[in-house]
>>> print(open('run_7.pdb').read())   # PDB, C-alpha atoms
ATOM      1  CA  MET A  33     -44.492 118.419   7.638
ATOM      2  CA  HIS A  34     -46.603 118.326   4.569
ATOM      3  CA  THR A  35     -47.003 115.201   2.554
ATOM      4  CA  LYS A  36     -45.270 116.807  -0.422
ATOM      5  CA  GLN A  37     -42.244 117.679   1.658
ATOM      6  CA  ILE A  38     -42.002 114.143   2.994
ATOM      7  CA  ARG A  39     -42.188 112.749  -0.516
ATOM      8  CA  PHE A  40     -39.526 115.203  -1.668
ATOM      9  CA  LEU A  41     -37.123 114.238   1.135
ATOM     10  CA  PHE A  42     -37.749 110.556   0.519
ATOM     11  CA  ALA A  43     -36.993 111.026  -3.211
ATOM     12  CA  ILE A  44     -33.726 112.821  -2.381
ATOM     13  CA  PHE A  45     -32.753 110.070   0.056
ATOM     14  CA  PHE A  46     -33.540 107.419  -2.554
ATOM     15  CA  LEU A  47     -31.461 109.187  -5.227
ATOM     16  CA  CYS A  48     -28.507 109.546  -2.849
ATOM     17  CA  ALA A  49     -28.647 105.846  -1.976
ATOM     18  CA  LEU A  50     -28.876 104.926  -5.646
ATOM     19  CA  HIS A  51     -25.890 107.150  -6.431
ATOM     20  CA  MET A  52     -23.787 105.511  -3.685
ATOM     21  CA  VAL A  53     -24.600 101.990  -4.912
ATOM     22  CA  SER A  54     -23.771 102.901  -8.512
ATOM     23  CA  ALA A  55     -20.469 104.481  -7.378
ATOM     24  CA  GLU A  56     -19.502 101.246  -5.605
ATOM     25  CA  LEU A  57     -20.318  99.234  -8.707
ATOM     26  CA  VAL A  58     -18.237 101.538 -10.893
ATOM     27  CA  THR A  59     -15.323 101.330  -8.445
ATOM     28  CA  ALA A  60     -15.511  97.541  -8.291
ATOM     29  CA  SER A  61     -15.867  96.982 -12.020
ATOM     30  CA  PRO A  62     -12.235  97.801 -12.988
ATOM     31  CA  LYS A  63     -10.995  95.170 -10.528
ATOM     32  CA  ALA A  64     -13.243  92.645 -12.149
ATOM     33  CA  THR A  65     -12.087  93.548 -15.622
ATOM     34  CA  THR A  66      -8.362  93.503 -14.686
ATOM     35  CA  HIS A  67      -8.531  89.839 -13.656
ATOM     36  CA  LYS A  68      -6.839  87.739 -16.313
ATOM     37  CA  PRO A  69      -7.281  84.037 -16.883
ATOM     38  CA  ARG A  70      -4.298  81.777 -16.160
ATOM     39  CA  THR A  71      -1.841  81.297 -18.974
ATOM     40  CA  GLN A  72      -0.938  77.852 -20.263
ATOM     41  CA  LYS A  73       2.355  78.021 -18.341
ATOM     42  CA  GLN A  74       0.556  78.883 -15.075
ATOM     43  CA  ARG A  75      -1.924  76.049 -15.543
ATOM     44  CA  VAL A  76       0.918  73.577 -16.149
ATOM     45  CA  GLN A  77       2.803  74.827 -13.072
ATOM     46  CA  LYS A  78      -0.309  74.443 -10.909
ATOM     47  CA  LYS A  79      -0.937  70.963 -12.297
ATOM     48  CA  ARG A  80       2.668  69.965 -11.608
ATOM     49  CA  ALA A  81       2.468  71.295  -8.065
ATOM     50  CA  LEU A  82      -0.561  69.172  -7.174
ATOM     51  CA  PRO A  83       1.303  65.836  -6.740
ATOM     52  CA  TYR A  84       3.771  67.447  -4.316
ATOM     53  CA  GLN A  85       1.245  69.014  -1.923
ATOM     54  CA  SER A  86       1.461  66.057   0.434
ATOM     55  CA  CYS A  87       5.256  66.349   0.435
ATOM     56  CA  ARG A  88       5.167  70.034   1.358
ATOM     57  CA  LYS A  89       3.203  69.207   4.517
ATOM     58  CA  ILE A  90       6.243  67.344   5.865
ATOM     59  CA  ARG A  91       8.027  69.580   8.362
ATOM     60  CA  ASN A  92      11.464  68.000   7.961
ATOM     61  CA  LYS A  93      13.033  69.778   4.949
ATOM     62  CA  ALA A  94      15.288  66.862   3.975
ATOM     63  CA  LYS A  95      12.403  64.371   4.036
ATOM     64  CA  ALA A  96      10.178  66.782   2.097
ATOM     65  CA  ALA A  97      12.844  67.206  -0.601
ATOM     66  CA  ALA A  98      13.324  63.424  -0.812
ATOM     67  CA  CYS A  99       9.546  62.987  -1.129
ATOM     68  CA  ILE A 100       9.402  65.487  -4.021
ATOM     69  CA  ARG A 101      12.338  63.805  -5.824
ATOM     70  CA  ARG A 102      10.654  60.414  -5.460
ATOM     71  CA  LYS A 103       7.366  61.677  -6.874
ATOM     72  CA  LYS A 104       9.159  63.366  -9.773
ATOM     73  CA  ARG A 105      10.794  60.056 -10.691
ATOM     74  CA  MET A 106       7.423  58.327 -10.567
ATOM     75  CA  LEU A 107       5.871  60.993 -12.812
ATOM     76  CA  ARG A 108       8.684  60.686 -15.369
ATOM     77  CA  LYS A 109       8.304  56.913 -15.457
ATOM     78  CA  ASN A 110       4.547  57.230 -15.969
ATOM     79  CA  LEU A 111       5.047  59.693 -18.834
ATOM     80  CA  VAL A 112       7.474  57.328 -20.545
ATOM     81  CA  ARG A 113       5.091  54.385 -20.166
ATOM     82  CA  ARG A 114       2.229  56.399 -21.664
ATOM     83  CA  GLY A 115       4.356  57.689 -24.508
ATOM     84  CA  LYS A 116       3.945  61.320 -23.428
ATOM     85  CA  THR A 117       7.585  62.303 -23.457
ATOM     86  CA  ARG A 118       8.298  65.797 -24.748
ATOM     87  CA  THR A 119       9.024  66.089 -28.459
ATOM     88  CA  HIS A 120      10.429  68.918 -30.530
ATOM     89  CA  ARG A 121       9.641  69.781 -34.124
ATOM     90  CA  THR A 122      13.013  69.897 -35.823
ATOM     91  CA  SER A 123      14.323  68.819 -39.154
ATOM     92  CA  THR A 124      15.858  65.369 -39.512
ATOM     93  CA  THR A 125      19.232  66.863 -40.489
ATOM     94  CA  ALA A 126      19.402  69.083 -37.395
ATOM     95  CA  ALA A 127      18.430  66.186 -35.134
ATOM     96  CA  LYS A 128      21.201  64.033 -36.566
ATOM     97  CA  GLN A 129      23.726  66.792 -35.975
ATOM     98  CA  ARG A 130      22.750  67.104 -32.325
ATOM     99  CA  ASN A 131      22.443  63.364 -31.695
ATOM    100  CA  PRO A 132      24.720  61.631 -34.191
ATOM    101  CA  ILE A 133      23.876  57.976 -34.749
ATOM    102  CA  PRO A 134      26.793  55.847 -33.475
ATOM    103  CA  GLN A 135      28.663  53.846 -36.081
ATOM    104  CA  VAL A 136      29.600  50.209 -35.639
ATOM    105  CA  TYR A 137      32.676  49.831 -33.431
ATOM    106  CA  PRO A 138      35.747  49.806 -35.718
ATOM    107  CA  GLU A 139      38.652  47.696 -34.418
ATOM    108  CA  LEU A 140      41.871  49.629 -34.825
ATOM    109  CA  SER A 141      44.735  47.966 -36.697
ATOM    110  CA  PHE A 142      47.237  48.425 -33.875
ATOM    111  CA  LEU A 143      44.829  46.690 -31.482
ATOM    112  CA  GLN A 144      44.459  43.677 -33.786
ATOM    113  CA  GLN A 145      48.213  43.220 -33.970
ATOM    114  CA  LYS A 146      48.820  43.198 -30.209
ATOM    115  CA  THR A 147      48.234  39.751 -28.734
ATOM    116  CA  ALA A 148      49.293  38.090 -25.515
ATOM    117  CA  ALA A 149      51.897  35.332 -25.362
ATOM    118  CA  SER A 150      50.761  32.002 -26.732
ATOM    119  CA  ASP A 151      50.908  30.282 -23.338
ATOM    120  CA  ILE A 152      48.450  32.708 -21.724
ATOM    121  CA  PRO A 153      44.793  31.589 -21.880
ATOM    122  CA  THR A 154      42.467  33.686 -23.997
ATOM    123  CA  GLY A 155      38.945  34.944 -23.487
ATOM    124  CA  LYS A 156      36.729  33.213 -20.962
ATOM    125  CA  ALA A 157      39.342  30.504 -20.381
ATOM    126  CA  ILE A 158      41.157  32.940 -18.070
ATOM    127  CA  ALA A 159      38.265  32.963 -15.577
ATOM    128  CA  SER A 160      38.339  29.141 -15.493
ATOM    129  CA  THR A 161      42.108  28.811 -14.904
ATOM    130  CA  ASP A 162      43.018  26.813 -11.774
ATOM    131  CA  SER A 163      45.234  28.301  -9.065
ATOM    132  CA  ASP A 164      48.447  26.333  -9.791
ATOM    133  CA  THR A 165      48.348  27.069 -13.530
ATOM    134  CA  CYS A 166      47.558  30.737 -12.939
ATOM    135  CA  LYS A 167      50.410  31.310 -10.514
ATOM    136  CA  THR A 168      52.854  29.380 -12.693
ATOM    137  CA  LEU A 169      52.018  31.629 -15.647
ATOM    138  CA  LEU A 170      52.465  34.791 -13.581
ATOM    139  CA  LYS A 171      55.909  33.621 -12.423
ATOM    140  CA  LYS A 172      56.899  32.694 -15.973
ATOM    141  CA  HIS A 173      56.127  36.247 -17.113
ATOM    142  CA  ASP A 174      58.053  37.841 -14.237
ATOM    143  CA  VAL A 175      55.066  38.937 -12.188
ATOM    144  CA  GLU A 176      56.125  39.025  -8.540
ATOM    145  CA  PHE A 177      53.530  38.273  -5.885
ATOM    146  CA  THR A 178      53.029  36.861  -2.411
ATOM    147  CA  ASN A 179      50.726  33.912  -1.795
ATOM    148  CA  LEU A 180      48.041  34.616   0.796
ATOM    149  CA  ASP A 181      46.362  32.204   3.172
ATOM    150  CA  PRO A 182      43.016  31.067   1.670
ATOM    151  CA  ASP A 183      41.654  30.606   5.209
ATOM    152  CA  GLU A 184      42.240  34.298   5.906
ATOM    153  CA  PHE A 185      40.693  35.429   2.602
ATOM    154  CA  GLN A 186      37.906  32.872   2.264
ATOM    155  CA  SER A 187      35.903  34.879  -0.265
ATOM    156  CA  ILE A 188      38.864  34.837  -2.713
ATOM    157  CA  GLU A 189      39.490  31.468  -4.357
ATOM    158  CA  GLN A 190      43.050  32.236  -5.463
ATOM    159  CA  PRO A 191      44.292  35.048  -3.189
ATOM    160  CA  LEU A 192      47.621  36.784  -3.714
ATOM    161  CA  SER A 193      49.255  40.169  -3.187
ATOM    162  CA  LEU A 194      51.006  41.884  -6.098
ATOM    163  CA  GLN A 195      54.627  42.947  -5.595
ATOM    164  CA  SER A 196      55.471  44.161  -9.121
ATOM    165  CA  ASP A 197      53.999  45.355 -12.384
ATOM    166  CA  ILE A 198      52.017  43.020 -14.663
ATOM    167  CA  GLY A 199      53.512  42.618 -18.121
ATOM    168  CA  GLY A 200      55.080  46.082 -17.913
ATOM    169  CA  ILE A 201      51.884  47.712 -16.600
ATOM    170  CA  THR A 202      51.909  49.072 -13.048
ATOM    171  CA  VAL A 203      48.710  48.655 -11.031
ATOM    172  CA  HIS A 204      48.043  51.165  -8.245
ATOM    173  CA  THR A 205      45.190  52.629  -6.259
ATOM    174  CA  HIS A 206      44.420  56.190  -7.380
ATOM    175  CA  GLY A 207      45.749  58.565  -4.746
ATOM    176  CA  GLY A 208      47.377  55.726  -2.788
ATOM    177  CA  HIS A 209      44.842  55.955   0.019
ATOM    178  CA  GLU A 210      44.989  52.276   0.937
ATOM    179  CA  ASP A 211      46.689  49.030   0.019
ATOM    180  CA  GLN A 212      44.748  47.449  -2.828
ATOM    181  CA  SER A 213      47.320  44.906  -3.978
ATOM    182  CA  ILE A 214      45.166  41.958  -2.873
ATOM    183  CA  LEU A 215      43.308  40.232  -5.699
ATOM    184  CA  ASP A 216      42.421  36.882  -7.250
ATOM    185  CA  CYS A 217      45.186  35.400  -9.401
ATOM    186  CA  ARG A 218      42.848  35.247 -12.428
ATOM    187  CA  LEU A 219      42.334  39.014 -12.398
ATOM    188  CA  ALA A 220      46.108  39.460 -12.556
ATOM    189  CA  LEU A 221      46.197  36.963 -15.438
ATOM    190  CA  ALA A 222      43.502  38.949 -17.321
ATOM    191  CA  ILE A 223      45.548  42.137 -16.918
ATOM    192  CA  LEU A 224      48.610  40.238 -18.166
ATOM    193  CA  ALA A 225      46.663  39.191 -21.287
ATOM    194  CA  TRP A 226      45.532  42.824 -21.696
ATOM    195  CA  SER A 227      49.016  44.312 -21.199
ATOM    196  CA  PRO A 228      50.262  44.013 -24.849
ATOM    197  CA  ILE A 229      47.237  46.031 -26.007
ATOM    198  CA  LEU A 230      47.866  48.676 -23.340
ATOM    199  CA  ARG A 231      51.582  48.910 -24.077
ATOM    200  CA  GLY A 232      50.833  49.191 -27.804
ATOM    201  CA  ALA A 233      48.884  52.378 -27.031
ATOM    202  CA  GLY A 234      51.697  53.752 -24.869
ATOM    203  CA  VAL A 235      50.130  52.937 -21.494
ATOM    204  CA  ILE A 236      52.620  52.207 -18.709
ATOM    205  CA  GLY A 237      50.233  51.975 -15.767
ATOM    206  CA  ILE A 238      46.627  51.769 -14.651
ATOM    207  CA  GLU A 239      45.061  53.232 -11.531
ATOM    208  CA  HIS A 240      41.852  52.114  -9.894
ATOM    209  CA  PHE A 241      39.515  53.071  -7.070
ATOM    210  CA  SER A 242      39.227  49.538  -5.708
ATOM    211  CA  ILE A 243      39.799  45.846  -6.344
ATOM    212  CA  TYR A 244      39.201  43.782  -3.204
ATOM    213  CA  ARG A 245      36.463  44.949  -0.850
ATOM    214  CA  PRO A 246      35.445  42.343   1.740
ATOM    215  CA  GLY A 247      31.697  41.749   1.812
ATOM    216  CA  ALA A 248      30.997  44.104  -1.100
ATOM    217  CA  THR A 249      27.554  43.733  -2.695
ATOM    218  CA  VAL A 250      25.949  44.999  -5.883
ATOM    219  CA  ALA A 251      24.374  48.405  -5.200
ATOM    220  CA  GLY A 252      20.744  48.129  -4.174
ATOM    221  CA  THR A 253      20.851  44.328  -3.789
ATOM    222  CA  SER A 254      22.244  41.659  -1.475
ATOM    223  CA  LYS A 255      24.058  39.954  -4.369
ATOM    224  CA  GLN A 256      27.797  39.503  -3.856
ATOM    225  CA  SER A 257      29.932  41.839  -5.929
ATOM    226  CA  GLY A 258      33.022  40.832  -7.899
ATOM    227  CA  HIS A 259      34.998  43.082  -5.548
ATOM    228  CA  ALA A 260      34.193  40.752  -2.655
ATOM    229  CA  THR A 261      35.968  37.906  -4.482
ATOM    230  CA  GLY A 262      38.875  39.974  -5.809
ATOM    231  CA  LEU A 263      37.790  39.459  -9.429
ATOM    232  CA  ALA A 264      36.815  43.059 -10.267
ATOM    233  CA  ILE A 265      38.707  46.302 -10.745
ATOM    234  CA  ASP A 266      37.295  49.844 -10.943
ATOM    235  CA  LEU A 267      39.545  51.392 -13.590
ATOM    236  CA  SER A 268      39.892  55.166 -13.270
ATOM    237  CA  TYR A 269      43.208  56.304 -14.873
ATOM    238  CA  LEU A 270      45.544  55.293 -17.693
ATOM    239  CA  ARG A 271      49.124  56.479 -17.168
ATOM    240  CA  PHE A 272      51.527  57.314 -20.028
ATOM    241  CA  GLU A 273      55.118  58.440 -20.318
ATOM    242  CA  GLU A 274      56.150  61.979 -19.272
ATOM    243  CA  ASP A 275      53.616  61.963 -16.430
ATOM    244  CA  THR A 276      50.576  62.266 -18.711
ATOM    245  CA  SER A 277      47.296  60.454 -18.114
ATOM    246  CA  LEU A 278      43.706  59.923 -19.169
ATOM    247  CA  ASN A 279      40.851  59.507 -16.706
ATOM    248  CA  VAL A 280      37.300  58.273 -17.138
ATOM    249  CA  LEU A 281      35.624  61.345 -15.625
ATOM    250  CA  ASP A 282      37.235  63.806 -18.059
ATOM    251  CA  HIS A 283      38.045  61.743 -21.145
ATOM    252  CA  TRP A 284      35.108  59.338 -21.494
ATOM    253  CA  GLU A 285      33.187  62.190 -23.043
ATOM    254  CA  THR A 286      30.118  60.647 -24.676
ATOM    255  CA  TYR A 287      28.090  58.527 -22.291
ATOM    256  CA  LYS A 288      24.402  59.070 -22.806
ATOM    257  CA  ARG A 289      22.417  56.466 -20.879
ATOM    258  CA  ASN A 290      21.583  53.252 -22.722
ATOM    259  CA  THR A 291      23.759  54.088 -25.745
ATOM    260  CA  PRO A 292      26.388  51.551 -26.868
ATOM    261  CA  PRO A 293      29.703  52.090 -25.021
ATOM    262  CA  CYS A 294      31.728  50.486 -27.810
ATOM    263  CA  ALA A 295      30.396  52.632 -30.626
ATOM    264  CA  SER A 296      32.393  55.241 -32.518
ATOM    265  CA  TYR A 297      31.017  58.761 -32.187
ATOM    266  CA  PRO A 298      31.903  61.180 -35.036
ATOM    267  CA  GLU A 299      32.792  64.148 -32.812
ATOM    268  CA  GLN A 300      34.715  62.290 -30.110
ATOM    269  CA  SER A 301      38.224  63.440 -29.215
ATOM    270  CA  GLU A 302      41.298  61.283 -29.691
ATOM    271  CA  ALA A 303      41.551  60.807 -25.920
ATOM    272  CA  ASN A 304      37.960  59.593 -25.725
ATOM    273  CA  ARG A 305      38.444  57.257 -28.678
ATOM    274  CA  LEU A 306      41.660  55.790 -27.268
ATOM    275  CA  PHE A 307      40.240  55.136 -23.793
ATOM    276  CA  ARG A 308      37.060  53.644 -25.226
ATOM    277  CA  ASP A 309      38.908  51.437 -27.726
ATOM    278  CA  LEU A 310      41.269  49.980 -25.123
ATOM    279  CA  VAL A 311      38.421  49.021 -22.796
ATOM    280  CA  CYS A 312      36.207  47.705 -25.573
ATOM    281  CA  GLU A 313      39.010  45.660 -27.118
ATOM    282  CA  ALA A 314      39.508  43.901 -23.768
ATOM    283  CA  PHE A 315      35.776  43.138 -23.680
ATOM    284  CA  HIS A 316      35.625  41.911 -27.287
ATOM    285  CA  ARG A 317      38.526  39.559 -26.602
ATOM    286  CA  GLY A 318      36.597  38.107 -23.656
ATOM    287  CA  LEU A 319      39.114  39.097 -20.999
ATOM    288  CA  PHE A 320      36.269  40.404 -18.801
ATOM    289  CA  GLN A 321      32.710  39.103 -18.705
ATOM    290  CA  VAL A 322      31.173  42.207 -17.093
ATOM    291  CA  VAL A 323      32.057  45.761 -18.169
ATOM    292  CA  LEU A 324      30.118  48.698 -16.682
ATOM    293  CA  THR A 325      30.947  52.126 -18.132
ATOM    294  CA  PRO A 326      29.635  55.680 -17.595
ATOM    295  CA  HIS A 327      26.809  54.708 -19.995
ATOM    296  CA  PHE A 328      25.426  52.432 -17.241
ATOM    297  CA  ASN A 329      24.580  54.941 -14.492
ATOM    298  CA  LYS A 330      25.850  57.997 -12.626
ATOM    299  CA  ALA A 331      27.707  55.865 -10.075
ATOM    300  CA  HIS A 332      30.104  54.819 -12.877
ATOM    301  CA  ARG A 333      30.711  58.293 -14.316
ATOM    302  CA  ASN A 334      34.302  58.306 -13.006
ATOM    303  CA  HIS A 335      35.359  54.675 -13.522
ATOM    304  CA  VAL A 336      34.880  51.523 -15.591
ATOM    305  CA  HIS A 337      34.041  48.326 -13.727
ATOM    306  CA  LEU A 338      35.865  45.305 -15.207
ATOM    307  CA  GLU A 339      34.968  41.901 -13.766
ATOM    308  CA  LEU A 340      35.707  38.233 -14.400
ATOM    309  CA  VAL A 341      32.844  35.766 -13.894
ATOM    310  CA  PRO A 342      33.940  32.095 -13.917
ATOM    311  CA  GLU A 343      31.957  29.350 -15.645
ATOM    312  CA  VAL A 344      29.452  31.470 -17.577
ATOM    313  CA  ASP A 345      28.641  31.591 -21.285
ATOM    314  CA  TRP A 346      27.393  35.169 -21.352
ATOM    315  CA  THR A 347      28.860  38.688 -21.305
ATOM    316  CA  TYR A 348      27.442  41.965 -20.059
ATOM    317  CA  LEU A 349      28.462  45.365 -21.470
ATOM    318  CA  ARG A 350      26.677  48.546 -20.410
TER     319      ARG A 350
END
>>> encode(input="run_7.pdb", output="structure tokens")
Amino acid sequence: MHTKQIRFLFAIFFLCALHMVSAELVTASPKATTHKPRTQKQRVQKKRALPYQSCRKIRNKAKAAACIRRKKRMLRKNLVRRGKTRTHRTSTTAAKQRNPIPQVYPELSFLQQKTAASDIPTGKAIASTDSDTCKTLLKKHDVEFTNLDPDEFQSIEQPLSLQSDIGGITVHTHGGHEDQSILDCRLALAILAWSPILRGAGVIGIEHFSIYRPGATVAGTSKQSGHATGLAIDLSYLRFEEDTSLNVLDHWETYKRNTPPCASYPEQSEANRLFRDLVCEAFHRGLFQVVLTPHFNKAHRNHVHLELVPEVDWTYLR
């Protein structure tokens, strides 16, 4: 072949190769241009997923889910500490409508007029009443009970078993699943002092989830609970005439965490107000030293824990 022919073939080959390369570049360029940067939402989702990568390596699904929940709690706590909680730009008027500021607890007139008999101790004196005095007062006000052996119920200082109502108020376990008539005499005396207030509101009975639970401890600790000594009651229902009732789960409507339980909320229903006022009046009169409501935590969303604590000069309402 002549030199010119060789050069001609080589030029054709070079042009073909150049055309193929340029075609590949043109084909690849749309893919490059269609790639979009991550949106703000995608970046946040990726950032949030990073702390849970170690959890997702766990093969056990239940343990992996528990790990993720634990890390989420830790992240929320860190955000609160750093002051990075989410805020919304809204007007002051709209914010007040959504989250009305609680007013100071107003004592109702009918509550002020209802008082216990003059011979019944008041306030914290009930928790300090000795066994003989307590049982004498119960008998005087027609409360029937059976004395229990202190050696058999060593955790209860003044053990007895109720056999009748207390001041016209029946006391039963909700659902009647087990016998919960065993309690400390001073708890019965506190209910007796509370009974005129309850009757004044039309209450004829109270129902609870538990009173005496042997060996009961405060959740998450080894500290002895008031249920172990028969000095606490988990109030769940208030019973009225004509088989009507109020219960904590449905009628204690406003219970945002760390808000005052004994405040008056503008949009609360009459049922909510009545239930709240009866419990808070008992606390304000010192009949119970510890009151834990649905405001305290989720474990109390369906009951109010009322407890006597002897020989203390403090009260605890949450």
>>> resolve_selection(input="run_7.pdb", expression="the PyMOL selection byres ((chain A and resi 326) around 9)", output="PyMOL selection string")
chain A and resi 280-281+284+286-289+293+324-325+327-336+350
>>> axis_aligned_box(input="run_7.pdb", around="region 265-269 of chain A", padding_each_side="3 Å", output="JSON")
{"center_x": 40.3, "center_y": 51.3, "center_z": -12.8, "size_x": 11.9, "size_y": 16.0, "size_z": 10.1}
>>> residues_around(input="run_7.pdb", residues="Lys156 (chain A)", least_positions_apart="2", cutoff="6 Å", atoms="all atoms listed in the file", output="PDB file with C-alpha atoms, keeping the file's coordinate frame")
ATOM      1  CA  ILE A 158      41.157  32.940 -18.070  1.00  0.00           C
ATOM      2  CA  ALA A 159      38.265  32.963 -15.577  1.00  0.00           C
ATOM      3  CA  GLY A 318      36.597  38.107 -23.656  1.00  0.00           C
TER       4      GLY A 318
END
>>> atom_distance(input="run_7.pdb", atom1="CA of Ser163 (chain A)", atom2="CA of Pro191 (chain A)")
9.0 Å
>>> closest_residue(input="run_7.pdb", among="A:Ser257, A:Ser187, A:Ser268, A:Thr168", to="Val203 (chain A)", atoms="all atoms listed in the file")
A:Ser268
>>> closest_residue(input="run_7.pdb", among="A:Ser254, A:Ser160, A:Asn92, A:Gln212", to="Phe320 (chain A)", atoms="only C-alpha atoms")
A:Ser160
>>> closest_residue(input="run_7.pdb", among="A:Pro298, A:Gly232, A:Gly237, A:Gly252", to="Tyr269 (chain A)", atoms="only C-alpha atoms")
A:Gly237
>>> closest_residue(input="run_7.pdb", among="A:Thr147, A:Thr161, A:Gln300, A:Ser242", to="His283 (chain A)", atoms="all atoms listed in the file")
A:Gln300
>>> residues_around(input="run_7.pdb", residues="Arg231 (chain A)", least_positions_apart="4", cutoff="8 Å", atoms="all atoms listed in the file", output="list in words")
Gly200, Ile201, Ser227, Val235 and Ile236 of chain A
>>> residues_near_point(input="run_7.pdb", point="(36.0, 43.0, -22.0)", cutoff="10 Å", atoms="only C-alpha atoms", output="PyMOL selection string")
chain A and resi 155-156+222+226+310-324+338-340+347-349
>>> residues_around(input="run_7.pdb", residues="Gln190 (chain A)", least_positions_apart="2", cutoff="7 Å", atoms="all atoms listed in the file", output="number ranges by chain")
A: 163, 188, 192, 216-217
>>> write_last_selection(input="run_7.pdb", atoms="C-alpha atoms", output="compact mmCIF listing (two decimals), keeping the file's coordinate frame")
# COMPACT_ATOMS: atom_id res chain seq x y z
CA SER A 163 45.23 28.30 -9.06
CA ILE A 188 38.86 34.84 -2.71
CA LEU A 192 47.62 36.78 -3.71
CA ASP A 216 42.42 36.88 -7.25
CA CYS A 217 45.19 35.40 -9.40
>>> closest_residue(input="run_7.pdb", among="A:Met106, A:Cys48, A:Leu270, A:Leu230", to="Asn304 (chain A)", atoms="only C-alpha atoms")
A:Leu270
>>> residues_around(input="run_7.pdb", residues="Ile198 (chain A)", least_positions_apart="5", cutoff="9 Å", atoms="all atoms listed in the file", output="ChimeraX atom specification")
/A:170,173-176,203,220-221,223-224,227
>>> atom_distance(input="run_7.pdb", atom1="CA of Ala248 (chain A)", atom2="CA of Ile265 (chain A)")
12.5 Å
>>> atom_distance(input="run_7.pdb", atom1="CA of Trp346 (chain A)", atom2="CA of Pro228 (chain A)")
24.8 Å
